[in-house]
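What follows is one structure encoded as structure tokens, with my remarks underneath.
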Amino acid sequence: EALRTDFIANASHELRTPLTSLLGFIETLMGPASRDTAAQARFLEIMRTHALRMSKLIDDLLSLSRIEMRQHLRPTTSVELASLLREVEEGLQTQANDAGVAVTLDLPPGPVTVTGDRDELYEVFENLVDNALKYGAGGGKVEIALVPAKRQGYDWLVSVADFGEGIETAHVPRLTERFYRVDAESSRKKKGTGLGLAIVKHIVTRHRGLLSIRSKIGQGTRVEVLLPGR
């Protein structure tokens, strides 16, 4: 009950902040700026940014809700991981180019098949690579690798590593908490909702996998996802 109460309070706060700004700009546009064309264009762009932020937050809340409803139902379809990771890398290539980050992909020569939900696994790795590009861009490169797992009970390991600023050790265990941010202001500027890694953790758990995050200041962040085979 305490977790539920905290979640509702956090979600309400995250929505209230941009909504309050929107209402303020609307009042300004209806009053003092009603005849100021330059101000209108500037305010409308800021309003658009806030609206997009709320839309992304609502999408993540719905995604989290859907995953939680199916948390105890293990996926039954087959997913080819290598091609999925190629799609993720290609889909984020423009973002990588804009950030000045080189993305490398290390994949086995043949197909790698696991049991899973393709859309959910795509969301996991898209989220992890997106985070690496946003928060580890200073390192200039992001490495994605798919290798056989060396841990009993798992067959494959997918790692996403950046070489950016890194995260203080004290923050790492809390990164998968809903709405937890190391730097709230920086996260909002980079259009983070604070729910991405919580969604990742729930999906990996549903797939009977294991998520681990390691990071050191000045050395970057490495996220690993261990998955069983078919």
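Residue numbering restarts at 1 in every chain; chains get A, B, ... in the order shown in the structure tokens, and ligands count up from 1 in that same order.
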
**Study point:** Near-Ser159 in chain A list (6 Å; only C-alpha atoms; drop same-chain fewer than 4 positions) as a list of chain:residue names
**Key:** A:Ile144, A:Ala145, A:Val223, A:Glu224

Check your understanding: Using only C-alpha atoms, which residues sit within 10 Å of range 70-81 of chain A once same-chain residues fewer than 6 positions away are excluded, as a list in words?
Key -> Glu87, Leu107, Pro111, Val112, Thr113, Val114, Thr115, Gly116, Asp117, Arg118, Asp119, Glu120, Leu121, Tyr122, Leu146, Trp156, Val158, His202, Ile203, Val204, Thr205, Arg206, His207, Arg208, Gly229 and Arg230 of chain A

Preceding selection exported with C-alpha atoms as a compact mmCIF listing (two decimals), in the first residue's frame:
# COMPACT_ATOMS: atom_id res chain seq x y z
CA GLU A 87 17.22 -3.25 -35.58
CA LEU A 107 27.19 -10.43 -32.58
CA PRO A 111 21.18 -16.79 -35.30
CA VAL A 112 20.50 -16.68 -31.55
CA THR A 113 17.00 -17.74 -30.58
CA VAL A 114 15.37 -17.29 -27.18
CA THR A 115 11.81 -17.61 -25.90
CA GLY A 116 10.32 -14.18 -25.42
CA ASP A 117 8.06 -11.35 -26.46
CA ARG A 118 9.78 -9.55 -29.34
CA ASP A 119 8.19 -6.15 -28.73
CA GLU A 120 9.09 -6.23 -25.04
CA LEU A 121 12.68 -7.31 -25.66
CA TYR A 122 13.02 -4.59 -28.30
CA LEU A 146 25.69 -10.60 -27.54
CA TRP A 156 22.87 -15.62 -23.50
CA VAL A 158 23.50 -8.95 -23.88
CA HIS A 202 9.94 -5.82 -15.14
CA ILE A 203 10.34 -7.13 -18.70
CA VAL A 204 13.59 -8.95 -17.89
CA THR A 205 11.95 -10.51 -14.82
CA ARG A 206 8.98 -11.64 -16.92
CA HIS A 207 11.44 -13.35 -19.27
CA ARG A 208 13.05 -15.16 -16.29
CA GLY A 229 17.43 -19.93 -24.21
CA ARG A 230 14.44 -21.66 -25.72

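Our summary of the geometry notes that CA of Gln152 in chain A is positioned 23.1 Å from CA of Pro109 in chain A.
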
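Assigned to strand (DSSP E) in range 35-167 of chain A, given DSSP computed from backbone atoms, are Ser78, Val79, Glu80, Ala102, Val103, Thr104, Leu105, Asp106, Thr113, Val114, Thr115, Lys141, Val142, Glu143, Ile144, Ala145, Leu146, Val147, Pro148, Trp156, Leu157, Val158, Ser159, Val160, Ala161 and Asp162 of chain A.
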
Review point. With distances taken over only C-alpha atoms, which of A:Thr37, A:Thr104, A:Thr193, A:Asn131 is nearest to Met54 in chain A?
Key: A:Thr193

Point to revise | Nearby residues (only C-alpha atoms) at most 10 Å from Leu57 in chain A, same-chain spacing under 2 positions excluded, as a ChimeraX atom specification | key: /A:11,14-15,51-55,59-63,191-196

Store the residues of this selection in a file with C-alpha atoms, as a PDB file, in the first residue's frame.
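Done, and the output landed in out09.pdb:
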ATOM      1  CA  ALA A  11       3.209  10.141 -11.033  1.00  0.00           C
ATOM      2  CA  GLU A  14       5.600  14.362 -12.692  1.00  0.00           C
ATOM      3  CA  LEU A  15       2.414  15.306 -14.550  1.00  0.00           C
ATOM      4  CA  ALA A  51       3.032  18.345 -23.871  1.00  0.00           C
ATOM      5  CA  LEU A  52       5.453  15.845 -25.441  1.00  0.00           C
ATOM      6  CA  ARG A  53       6.959  15.183 -22.012  1.00  0.00           C
ATOM      7  CA  MET A  54       3.521  14.400 -20.551  1.00  0.00           C
ATOM      8  CA  SER A  55       2.706  12.190 -23.543  1.00  0.00           C
ATOM      9  CA  ASP A  59       3.079   6.083 -22.619  1.00  0.00           C
ATOM     10  CA  ASP A  60       5.618   4.762 -20.093  1.00  0.00           C
ATOM     11  CA  LEU A  61       2.977   4.491 -17.350  1.00  0.00           C
ATOM     12  CA  LEU A  62       0.726   2.474 -19.674  1.00  0.00           C
ATOM     13  CA  SER A  63       3.632   0.283 -20.744  1.00  0.00           C
ATOM     14  CA  LYS A 191      13.397  13.855 -21.896  1.00  0.00           C
ATOM     15  CA  GLY A 192      13.727  11.072 -19.347  1.00  0.00           C
ATOM     16  CA  THR A 193      10.593  10.008 -17.464  1.00  0.00           C
ATOM     17  CA  GLY A 194      12.280   8.120 -14.631  1.00  0.00           C
ATOM     18  CA  LEU A 195      10.449   4.924 -15.623  1.00  0.00           C
ATOM     19  CA  GLY A 196      12.680   3.453 -18.327  1.00  0.00           C
TER      20      GLY A 196
END

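Counting only C-alpha atoms, the residue from A:Arg174, A:Lys141, A:Arg151, A:Arg66 that sits nearest to Leu197 in chain A is A:Arg174.
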
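Proximity to Phe7 in chain A was assessed for A:Val129, A:Leu64, A:Met47, A:Leu22 counting only C-alpha atoms; the smallest distance is recorded for A:Leu64.
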
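In terms of minimum interatomic distance to Ala96 in chain A, A:Gly138 ranks closest within A:Glu1, A:Gly138, A:Leu211, A:Ile199, counting only C-alpha atoms.
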
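When only C-alpha atoms are used to measure the gap to Glu177 in chain A, the shortest distance among A:Lys56, A:Lys201, A:Lys150, A:Arg48 belongs to A:Lys201.
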
**Study point:** Distance criterion (only C-alpha atoms): nearest to Glu126 in chain A out of A:Ala149, A:Val160, A:Val172, A:Ala9
**Key:** A:Val160

Practice item. List the neighbours of Gly100 in chain A out to 10 Å using only C-alpha atoms; skip same-chain residues closer than 5 positions along the sequence, and give me the result as a VMD selection string. Key: chain A and resid 94 to 95 133 137 to 141
